[in-house]
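Engineer: As input, take my_file-v6.cif (mmCIF, C-alpha atoms):
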```
data_entry
#
loop_
_atom_site.group_PDB
_atom_site.id
_atom_site.type_symbol
_atom_site.label_atom_id
_atom_site.label_comp_id
_atom_site.auth_asym_id
_atom_site.auth_seq_id
_atom_site.Cartn_x
_atom_site.Cartn_y
_atom_site.Cartn_z
ATOM 1 C CA MET A 1 21.991 -9.985 -16.141
ATOM 2 C CA THR A 2 20.472 -6.658 -17.125
ATOM 3 C CA ALA A 3 22.698 -6.114 -20.184
ATOM 4 C CA ARG A 4 20.122 -7.408 -22.646
ATOM 5 C CA ARG A 5 17.661 -4.633 -22.025
ATOM 6 C CA PRO A 6 18.055 -0.860 -21.916
ATOM 7 C CA PRO A 7 18.922 0.343 -18.454
ATOM 8 C CA PRO A 8 15.707 1.084 -16.552
ATOM 9 C CA GLN A 9 17.206 4.445 -15.577
ATOM 10 C CA ALA A 10 16.574 5.584 -19.158
ATOM 11 C CA ALA A 11 12.818 5.457 -18.734
ATOM 12 C CA LEU A 12 11.058 8.803 -18.684
ATOM 13 C CA PHE A 13 8.076 8.439 -16.446
ATOM 14 C CA ALA A 14 5.199 10.444 -17.815
ATOM 15 C CA SER A 15 3.161 10.520 -14.640
ATOM 16 C CA PRO A 16 3.173 9.526 -10.977
ATOM 17 C CA ASP A 17 0.841 6.657 -11.930
ATOM 18 C CA ASP A 18 3.463 5.300 -14.351
ATOM 19 C CA ILE A 19 6.149 5.317 -11.719
ATOM 20 C CA GLU A 20 3.798 3.823 -9.157
ATOM 21 C CA ALA A 21 3.013 0.988 -11.545
ATOM 22 C CA GLN A 22 6.729 0.359 -12.072
ATOM 23 C CA PHE A 23 7.357 0.384 -8.330
ATOM 24 C CA TYR A 24 4.752 -2.276 -7.610
ATOM 25 C CA GLU A 25 5.778 -4.346 -10.642
ATOM 26 C CA ALA A 26 9.336 -4.303 -9.366
ATOM 27 C CA LEU A 27 8.099 -5.566 -5.994
ATOM 28 C CA GLN A 28 6.140 -8.355 -7.672
ATOM 29 C CA GLN A 29 9.112 -9.327 -9.826
ATOM 30 C CA ALA A 30 11.812 -8.829 -7.173
ATOM 31 C CA ASP A 31 13.582 -6.672 -9.768
ATOM 32 C CA LEU A 32 16.046 -4.532 -7.830
ATOM 33 C CA ASP A 33 17.268 -2.469 -10.801
ATOM 34 C CA LYS A 34 13.721 -1.674 -11.852
ATOM 35 C CA LEU A 35 12.882 -0.761 -8.281
ATOM 36 C CA MET A 36 15.852 1.529 -7.830
ATOM 37 C CA ALA A 37 15.131 3.320 -11.130
ATOM 38 C CA VAL A 38 11.927 4.848 -9.771
ATOM 39 C CA TRP A 39 13.619 6.893 -7.035
ATOM 40 C CA ALA A 40 14.485 10.571 -7.306
ATOM 41 C CA ASP A 41 18.130 11.559 -7.444
ATOM 42 C CA ASP A 42 18.067 13.049 -3.951
ATOM 43 C CA GLU A 43 20.174 11.924 -1.029
ATOM 44 C CA ASP A 44 17.170 12.180 1.272
ATOM 45 C CA VAL A 45 14.892 9.754 -0.558
ATOM 46 C CA ALA A 46 13.346 7.716 2.227
ATOM 47 C CA CYS A 47 11.504 4.474 2.648
ATOM 48 C CA VAL A 48 9.702 2.836 5.543
ATOM 49 C CA LEU A 49 8.629 -0.759 4.977
ATOM 50 C CA PRO A 50 6.097 -2.493 7.243
ATOM 51 C CA GLY A 51 7.832 -3.315 10.506
ATOM 52 C CA GLY A 52 11.196 -2.207 9.152
ATOM 53 C CA PRO A 53 13.559 0.607 10.057
ATOM 54 C CA ARG A 54 13.587 3.918 8.220
ATOM 55 C CA LEU A 55 15.824 3.730 5.158
ATOM 56 C CA VAL A 56 17.341 7.027 3.995
ATOM 57 C CA GLY A 57 19.336 7.339 0.780
ATOM 58 C CA HIS A 58 19.739 5.097 -2.263
ATOM 59 C CA HIS A 59 22.334 2.850 -0.672
ATOM 60 C CA ALA A 60 20.159 2.047 2.331
ATOM 61 C CA ILE A 61 17.037 1.587 0.221
ATOM 62 C CA ARG A 62 18.830 -0.785 -2.137
ATOM 63 C CA ALA A 63 20.168 -2.801 0.783
ATOM 64 C CA GLY A 64 16.719 -2.937 2.359
ATOM 65 C CA PHE A 65 15.022 -4.257 -0.772
ATOM 66 C CA GLU A 66 17.880 -6.636 -1.500
ATOM 67 C CA SER A 67 17.098 -8.216 1.829
ATOM 68 C CA VAL A 68 13.351 -8.271 1.081
ATOM 69 C CA PHE A 69 13.894 -9.775 -2.382
ATOM 70 C CA ALA A 70 16.052 -12.573 -0.976
ATOM 71 C CA ASN A 71 12.704 -14.303 -0.398
ATOM 72 C CA GLY A 72 11.486 -13.585 -3.949
ATOM 73 C CA GLY A 73 8.853 -11.213 -5.273
ATOM 74 C CA ILE A 74 5.987 -9.893 -3.232
ATOM 75 C CA PRO A 75 2.459 -10.632 -4.470
ATOM 76 C CA VAL A 76 1.280 -7.082 -4.032
ATOM 77 C CA GLN A 77 -1.618 -5.156 -5.538
ATOM 78 C CA GLY A 78 -2.166 -1.430 -5.011
ATOM 79 C CA ASP A 79 -5.785 -0.500 -4.448
ATOM 80 C CA LYS A 80 -8.005 2.363 -3.359
ATOM 81 C CA VAL A 81 -5.630 5.092 -4.500
ATOM 82 C CA ARG A 82 -6.315 8.631 -3.319
ATOM 83 C CA ARG A 83 -4.299 11.234 -5.194
ATOM 84 C CA VAL A 84 -3.263 14.772 -4.391
ATOM 85 C CA SER A 85 -1.721 16.257 -7.537
ATOM 86 C CA GLN A 86 0.234 19.467 -7.817
ATOM 87 C CA PRO A 87 2.353 20.720 -10.724
ATOM 88 C CA SER A 88 5.639 19.734 -9.123
ATOM 89 C CA PHE A 89 4.680 16.909 -6.777
ATOM 90 C CA ALA A 90 2.000 14.392 -5.976
ATOM 91 C CA VAL A 91 0.998 12.369 -2.953
ATOM 92 C CA HIS A 92 -0.756 9.031 -3.375
ATOM 93 C CA HIS A 93 -2.393 7.112 -0.553
ATOM 94 C CA LEU A 94 -2.991 3.437 -1.246
ATOM 95 C CA LEU A 95 -4.338 0.436 0.510
ATOM 96 C CA VAL A 96 -2.149 -2.376 -0.759
ATOM 97 C CA ARG A 97 -3.193 -6.005 -0.783
ATOM 98 C CA VAL A 98 -0.327 -8.376 -0.022
ATOM 99 C CA GLU A 99 -0.442 -12.149 -0.130
ATOM 100 C CA ILE A 100 1.421 -13.583 2.813
ATOM 101 C CA GLY A 101 2.260 -17.071 4.020
ATOM 102 C CA PRO A 102 3.408 -20.188 2.171
ATOM 103 C CA ALA A 103 2.358 -20.561 -1.486
ATOM 104 C CA GLU A 104 -0.166 -23.293 -0.721
ATOM 105 C CA ALA A 105 -1.900 -21.302 1.973
ATOM 106 C CA ARG A 106 -1.591 -17.667 1.088
ATOM 107 C CA GLU A 107 -3.752 -15.178 2.882
ATOM 108 C CA PRO A 108 -4.395 -11.548 2.046
ATOM 109 C CA ALA A 109 -3.138 -8.831 4.323
ATOM 110 C CA TRP A 110 -3.375 -5.068 3.928
ATOM 111 C CA VAL A 111 -0.787 -2.358 3.995
ATOM 112 C CA ALA A 112 -1.423 1.383 4.079
ATOM 113 C CA ALA A 113 1.068 3.193 1.844
ATOM 114 C CA THR A 114 1.889 6.845 1.290
ATOM 115 C CA ASN A 115 3.922 7.588 -1.837
ATOM 116 C CA VAL A 116 5.349 11.030 -2.542
ATOM 117 C CA TYR A 117 6.362 11.866 -6.113
ATOM 118 C CA LEU A 118 8.534 14.690 -7.367
ATOM 119 C CA LYS A 119 8.652 16.092 -10.889
ATOM 120 C CA THR A 120 12.287 16.226 -11.967
ATOM 121 C CA ASP A 121 14.174 16.991 -15.171
ATOM 122 C CA GLN A 122 14.144 13.239 -15.732
ATOM 123 C CA GLY A 123 10.386 12.978 -15.313
ATOM 124 C CA TRP A 124 8.408 11.961 -12.251
ATOM 125 C CA ARG A 125 10.280 10.127 -9.545
ATOM 126 C CA LEU A 126 9.498 8.587 -6.158
ATOM 127 C CA LEU A 127 10.730 10.725 -3.270
ATOM 128 C CA ALA A 128 9.278 8.841 -0.316
ATOM 129 C CA HIS A 129 7.494 5.555 0.349
ATOM 130 C CA HIS A 130 5.980 4.823 3.741
ATOM 131 C CA ALA A 131 4.107 1.563 4.202
ATOM 132 C CA SER A 132 2.745 0.058 7.378
ATOM 133 C CA PRO A 133 0.531 -2.820 8.403
ATOM 134 C CA ALA A 134 -3.141 -2.077 8.111
ATOM 135 C CA MET A 135 -6.021 -4.259 9.201
ATOM 136 C CA ALA A 136 -6.135 -7.904 8.191
ATOM 137 C CA THR A 137 -9.405 -7.431 6.368
ATOM 138 C CA GLU A 138 -10.293 -4.704 3.946
ATOM 139 C CA LEU A 139 -10.528 -1.399 5.701
ATOM 140 C CA PRO A 140 -13.702 0.549 5.887
ATOM 141 C CA GLU A 141 -12.712 3.933 4.581
ATOM 142 C CA ILE A 142 -13.356 6.439 7.288
ATOM 143 C CA GLY A 143 -14.067 9.712 5.585
ATOM 144 C CA GLU A 144 -16.452 8.279 3.030
ATOM 145 C CA PRO A 145 -20.080 9.133 3.599
ATOM 146 C CA ALA A 146 -21.514 6.646 6.061
ATOM 147 C CA PRO A 147 -23.845 4.121 4.446
ATOM 148 C CA SER A 148 -27.472 4.889 5.111
ATOM 149 C CA VAL A 149 -29.215 2.680 7.620
ATOM 150 C CA LEU A 150 -32.310 2.781 5.410
ATOM 151 C CA HIS A 151 -32.330 0.173 2.688
ATOM 152 C CA MET B 152 -13.412 26.361 25.832
ATOM 153 C CA THR B 153 -11.333 27.922 23.090
ATOM 154 C CA ALA B 154 -13.073 31.319 23.182
ATOM 155 C CA ARG B 155 -10.406 32.983 25.321
ATOM 156 C CA ARG B 156 -7.698 32.825 22.716
ATOM 157 C CA PRO B 157 -7.608 33.750 19.032
ATOM 158 C CA PRO B 158 -8.780 30.914 16.839
ATOM 159 C CA PRO B 159 -5.808 28.706 15.898
ATOM 160 C CA GLN B 160 -6.989 28.901 12.301
ATOM 161 C CA ALA B 161 -5.740 32.471 12.196
ATOM 162 C CA ALA B 162 -2.120 31.436 12.607
ATOM 163 C CA LEU B 163 0.105 31.935 9.597
ATOM 164 C CA PHE B 164 2.694 29.217 9.684
ATOM 165 C CA ALA B 165 6.003 30.578 8.480
ATOM 166 C CA SER B 166 7.615 27.227 7.817
ATOM 167 C CA PRO B 167 6.990 23.481 7.814
ATOM 168 C CA ASP B 168 8.944 23.335 11.094
ATOM 169 C CA ASP B 169 6.457 25.731 12.700
ATOM 170 C CA ILE B 170 3.511 23.635 11.670
ATOM 171 C CA GLU B 171 5.254 20.449 12.700
ATOM 172 C CA ALA B 172 5.870 21.920 16.144
ATOM 173 C CA GLN B 173 2.197 22.854 16.437
ATOM 174 C CA PHE B 174 1.123 19.373 15.346
ATOM 175 C CA TYR B 175 3.165 17.623 18.022
ATOM 176 C CA GLU B 176 2.212 20.201 20.676
ATOM 177 C CA ALA B 177 -1.435 19.531 19.876
ATOM 178 C CA LEU B 178 -0.815 15.803 20.339
ATOM 179 C CA GLN B 179 0.863 16.426 23.689
ATOM 180 C CA GLN B 180 -1.941 18.710 24.829
ATOM 181 C CA ALA B 181 -4.823 16.719 23.323
ATOM 182 C CA ASP B 182 -5.914 20.004 21.731
ATOM 183 C CA LEU B 183 -8.221 19.065 18.887
ATOM 184 C CA ASP B 184 -8.739 22.605 17.538
ATOM 185 C CA LYS B 185 -5.010 23.244 17.483
ATOM 186 C CA LEU B 186 -4.472 19.923 15.764
ATOM 187 C CA MET B 187 -7.078 20.517 13.099
ATOM 188 C CA ALA B 188 -5.679 23.991 12.348
ATOM 189 C CA VAL B 189 -2.464 22.577 10.908
ATOM 190 C CA TRP B 190 -4.135 20.723 8.020
ATOM 191 C CA ALA B 191 -4.374 22.000 4.471
ATOM 192 C CA ASP B 192 -7.775 22.960 3.118
ATOM 193 C CA ASP B 193 -7.903 19.961 0.787
ATOM 194 C CA GLU B 194 -10.508 17.227 0.840
ATOM 195 C CA ASP B 195 -7.797 14.606 0.362
ATOM 196 C CA VAL B 196 -5.741 15.401 3.431
ATOM 197 C CA ALA B 197 -4.872 12.000 4.827
ATOM 198 C CA CYS B 198 -3.626 10.528 8.048
ATOM 199 C CA VAL B 199 -2.475 7.068 9.055
ATOM 200 C CA LEU B 200 -1.911 6.564 12.787
ATOM 201 C CA PRO B 201 0.032 3.580 14.155
ATOM 202 C CA GLY B 202 -2.190 0.538 13.867
ATOM 203 C CA GLY B 203 -5.157 2.615 12.756
ATOM 204 C CA PRO B 204 -7.127 2.813 9.539
ATOM 205 C CA ARG B 205 -6.420 5.361 6.859
ATOM 206 C CA LEU B 206 -8.269 8.605 7.576
ATOM 207 C CA VAL B 207 -9.090 10.768 4.547
ATOM 208 C CA GLY B 208 -10.605 14.242 4.847
ATOM 209 C CA HIS B 209 -11.002 16.660 7.744
ATOM 210 C CA HIS B 210 -14.070 15.005 9.173
ATOM 211 C CA ALA B 211 -12.434 11.588 9.414
ATOM 212 C CA ILE B 212 -9.193 13.010 10.790
ATOM 213 C CA ARG B 213 -11.048 14.963 13.458
ATOM 214 C CA ALA B 214 -13.035 11.891 14.461
ATOM 215 C CA GLY B 215 -9.854 9.804 14.598
ATOM 216 C CA PHE B 216 -8.018 12.208 16.887
ATOM 217 C CA GLU B 217 -11.110 12.775 19.010
ATOM 218 C CA SER B 218 -10.991 9.087 19.737
ATOM 219 C CA VAL B 219 -7.241 9.197 20.443
ATOM 220 C CA PHE B 220 -7.593 12.222 22.726
ATOM 221 C CA ALA B 221 -10.311 10.544 24.774
ATOM 222 C CA ASN B 222 -7.388 9.039 26.676
ATOM 223 C CA GLY B 223 -5.643 12.410 27.067
ATOM 224 C CA GLY B 224 -2.544 13.866 25.478
ATOM 225 C CA ILE B 225 0.241 11.788 24.010
ATOM 226 C CA PRO B 226 3.738 12.231 25.457
ATOM 227 C CA VAL B 227 5.396 12.495 22.086
ATOM 228 C CA GLN B 228 8.697 13.961 20.991
ATOM 229 C CA GLY B 229 9.767 14.311 17.355
ATOM 230 C CA ASP B 230 13.393 13.414 16.744
ATOM 231 C CA LYS B 231 15.899 12.715 13.994
ATOM 232 C CA VAL B 232 14.131 14.829 11.398
ATOM 233 C CA ARG B 233 15.204 14.454 7.772
ATOM 234 C CA ARG B 234 13.880 17.207 5.543
ATOM 235 C CA VAL B 235 13.318 17.464 1.813
ATOM 236 C CA SER B 236 12.417 21.071 1.045
ATOM 237 C CA GLN B 237 11.025 22.428 -2.195
ATOM 238 C CA PRO B 238 9.504 25.854 -2.875
ATOM 239 C CA SER B 239 5.931 24.595 -2.740
ATOM 240 C CA PHE B 240 6.143 21.513 -0.562
ATOM 241 C CA ALA B 241 8.282 19.710 1.978
ATOM 242 C CA VAL B 242 8.581 16.161 3.228
ATOM 243 C CA HIS B 243 9.829 15.480 6.744
ATOM 244 C CA HIS B 244 10.780 12.050 8.039
ATOM 245 C CA LEU B 245 10.884 11.734 11.801
ATOM 246 C CA LEU B 246 11.526 9.108 14.374
ATOM 247 C CA VAL B 247 9.099 9.985 17.124
ATOM 248 C CA ARG B 248 9.559 8.975 20.736
ATOM 249 C CA VAL B 249 6.302 8.119 22.458
ATOM 250 C CA GLU B 250 5.830 7.276 26.129
ATOM 251 C CA ILE B 251 3.442 4.387 26.496
ATOM 252 C CA GLY B 252 1.936 2.525 29.418
ATOM 253 C CA PRO B 253 0.549 3.718 32.754
ATOM 254 C CA ALA B 254 1.944 6.968 34.187
ATOM 255 C CA GLU B 255 3.907 5.221 36.915
ATOM 256 C CA ALA B 256 5.629 2.835 34.495
ATOM 257 C CA ARG B 257 5.973 4.613 31.195
ATOM 258 C CA GLU B 258 8.268 3.164 28.628
ATOM 259 C CA PRO B 259 9.574 4.729 25.443
ATOM 260 C CA ALA B 260 8.477 3.390 22.096
ATOM 261 C CA TRP B 261 9.334 4.647 18.628
ATOM 262 C CA VAL B 262 7.200 5.646 15.703
ATOM 263 C CA ALA B 263 8.388 6.373 12.166
ATOM 264 C CA ALA B 264 6.497 9.334 10.722
ATOM 265 C CA THR B 265 6.322 10.902 7.279
ATOM 266 C CA ASN B 266 4.831 14.389 7.156
ATOM 267 C CA VAL B 267 4.060 16.126 3.870
ATOM 268 C CA TYR B 268 3.625 19.913 3.902
ATOM 269 C CA LEU B 269 2.103 22.144 1.270
ATOM 270 C CA LYS B 270 2.640 25.875 0.846
ATOM 271 C CA THR B 271 -0.771 27.501 0.565
ATOM 272 C CA ASP B 272 -2.095 31.045 0.453
ATOM 273 C CA GLN B 273 -2.601 30.675 4.203
ATOM 274 C CA GLY B 274 1.005 29.610 4.792
ATOM 275 C CA TRP B 275 2.398 26.103 5.183
ATOM 276 C CA ARG B 276 -0.054 23.374 6.005
ATOM 277 C CA LEU B 277 0.052 19.634 6.669
ATOM 278 C CA LEU B 278 -1.179 17.599 3.712
ATOM 279 C CA ALA B 279 -0.399 14.077 4.910
ATOM 280 C CA HIS B 280 0.747 12.355 8.088
ATOM 281 C CA HIS B 281 1.707 8.691 8.073
ATOM 282 C CA ALA B 282 2.974 7.165 11.307
ATOM 283 C CA SER B 283 3.698 3.538 12.073
ATOM 284 C CA PRO B 284 5.305 1.514 14.835
ATOM 285 C CA ALA B 285 9.060 1.374 14.639
ATOM 286 C CA MET B 286 11.409 -0.607 16.808
ATOM 287 C CA ALA B 287 11.089 -0.520 20.581
ATOM 288 C CA THR B 288 14.572 0.880 20.983
ATOM 289 C CA GLU B 289 16.148 3.733 19.101
ATOM 290 C CA LEU B 290 16.715 2.803 15.512
ATOM 291 C CA PRO B 291 20.122 2.646 13.972
ATOM 292 C CA GLU B 292 19.845 4.859 10.954
ATOM 293 C CA ILE B 293 20.538 2.757 7.927
ATOM 294 C CA GLY B 294 21.956 5.050 5.313
ATOM 295 C CA GLU B 295 24.347 6.855 7.598
ATOM 296 C CA PRO B 296 28.006 6.112 7.034
ATOM 297 C CA ALA B 297 28.877 2.968 8.938
ATOM 298 C CA PRO B 298 30.954 3.654 12.047
ATOM 299 C CA SER B 299 34.584 2.829 11.582
ATOM 300 C CA VAL B 300 35.820 -0.306 13.283
ATOM 301 C CA LEU B 301 39.045 1.518 14.114
ATOM 302 C CA HIS B 302 38.924 3.532 17.312
#
```
Show this structure as structure tokens.
Structural biologist:
Amino acid sequence: MTARRPPPQAALFASPDDIEAQFYEALQQADLDKLMAVWADDEDVACVLPGGPRLVGHHAIRAGFESVFANGGIPVQGDKVRRVSQPSFAVHHLLVRVEIGPAEAREPAWVAATNVYLKTDQGWRLLAHHASPAMATELPEIGEPAPSVLH
Amino acid sequence: MTARRPPPQAALFASPDDIEAQFYEALQQADLDKLMAVWADDEDVACVLPGGPRLVGHHAIRAGFESVFANGGIPVQGDKVRRVSQPSFAVHHLLVRVEIGPAEAREPAWVAATNVYLKTDQGWRLLAHHASPAMATELPEIGEPAPSVLH
């Protein structure tokens, strides 16, 4: 099935943003090979999906997403990214908009995600993904300056 | 209230484990100063508590824990730590046991936590904490070798 295109593992991700884009595209497309290609080559890569158990290692992560993708792709859109960038690693905090429910009556839900990226000899890779249910409506960002009460 | 002891800010954390221990002690003791002392001096420090909004920055994190601590300390016990250690940062994945409910009928619940640590001039500091509800009973760790069916 994947023989017609170069193996995704060959991609050299130039930045954490590139790999993040590939991660969420893979979720949208239910593309397991593409999804697995973003992870670092480290036995302790780890993933927590909303409401799911902790997945540690490539085998467990693949099995977890295989199960998720059995229902098709996930209409998911990363938003409100906060980035902490260092030479060898980066941490991104996202609020992710997910469409849930049957196709004819989809409703948006929100997920808070923390993605940790590692710079490797093969380029940037995902080291950890932790996502959990956030509020059903868009979150007010605590930590932003409070809006003035004077208009 | 905190005048009798040296300011917690003066502590030089020798390792991510030290700072992790202080973080969970502060939760148990509802000690806001101790809790705030573990964070890195970075405006994008971020914290997601189970079921709560994303908190970005020291001010928001302090306000969030102030609200949590209004109900007292949290009987919390880190467990099953998986560590990824690099010279300048570390990522720890924990399953955290929390006692919930009234004192006379406490029941254990589980939280999956991802803690990201940064090595700074002041020693190791917490850069990100993401915690979310896990299963009500202890999680089987997916990713461990499956137990043999032969006894």
Engineer: What does the distance from atom CA of A:Asp31 to atom CA of B:Asn266 come to in Å, to one decimal?
Structural biologist: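 Distance between the two atoms: 28.4 Å.
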Engineer: Find the residues near stretch 61-69 of chain A: any atom within 7 Å, counting all atoms listed in the file, skip ones fewer than 2 places away on the same chain, and give them as a PDB file with C-alpha atoms, keeping the file's coordinate frame.
Structural biologist:
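Contents of the output file part_36.pdb:
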```
ATOM      1  CA  ALA A  30      11.812  -8.829  -7.173  1.00  0.00           C
ATOM      2  CA  LEU A  32      16.046  -4.532  -7.830  1.00  0.00           C
ATOM      3  CA  MET A  36      15.852   1.529  -7.830  1.00  0.00           C
ATOM      4  CA  CYS A  47      11.504   4.474   2.648  1.00  0.00           C
ATOM      5  CA  LEU A  55      15.824   3.730   5.158  1.00  0.00           C
ATOM      6  CA  VAL A  56      17.341   7.027   3.995  1.00  0.00           C
ATOM      7  CA  GLY A  57      19.336   7.339   0.780  1.00  0.00           C
ATOM      8  CA  HIS A  58      19.739   5.097  -2.263  1.00  0.00           C
ATOM      9  CA  HIS A  59      22.334   2.850  -0.672  1.00  0.00           C
ATOM     10  CA  ASN A  71      12.704 -14.303  -0.398  1.00  0.00           C
ATOM     11  CA  GLY A  72      11.486 -13.585  -3.949  1.00  0.00           C
ATOM     12  CA  GLY A  73       8.853 -11.213  -5.273  1.00  0.00           C
TER      13      GLY A  73
END
```
Engineer: Within 12 Å of A:Pro102, counting all atoms listed in the file, which residues show up once you throw out same-chain ones fewer than 4 positions away? Write them as a ChimeraX atom specification, please.
Structural biologist: /A:71,74-75,106-108
Engineer: At a cut-off of 12 Å, using all atoms listed in the file, what residues contact A:Val98? Leave out same-chain residues fewer than 5 positions from it and give the result as an MDAnalysis selection string.
Structural biologist: chainID A and resid 24 27:28 50 73:79 106:113 131:138
Engineer: Quick one: distance from atom CA of A:Gly123 to atom CA of A:Gln22 in Å, one decimal?
Structural biologist: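 So the answer is 13.5 Å.
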Engineer: Rounded to one decimal, what separation in Å do you get between atom CA of B:Asp184 and atom CA of B:Glu250?
Structural biologist: 22.8 Å
Engineer: Mind telling me what the PyMOL selection byres ((chain B and resi 271) around 12) catches here, as an MDAnalysis selection string?
Structural biologist: (chainID A and resid 86) or (chainID B and resid 163:167 189:193 238:240 268:270 272:278)
Engineer: So, with all atoms listed in the file as the atoms that count, which of B:His243, B:Ala188, B:Gly202, B:Glu171 lies closest to chain A?
Structural biologist: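 Ranking B:His243, B:Ala188, B:Gly202, B:Glu171 by distance to chain A, first place goes to B:Gly202.
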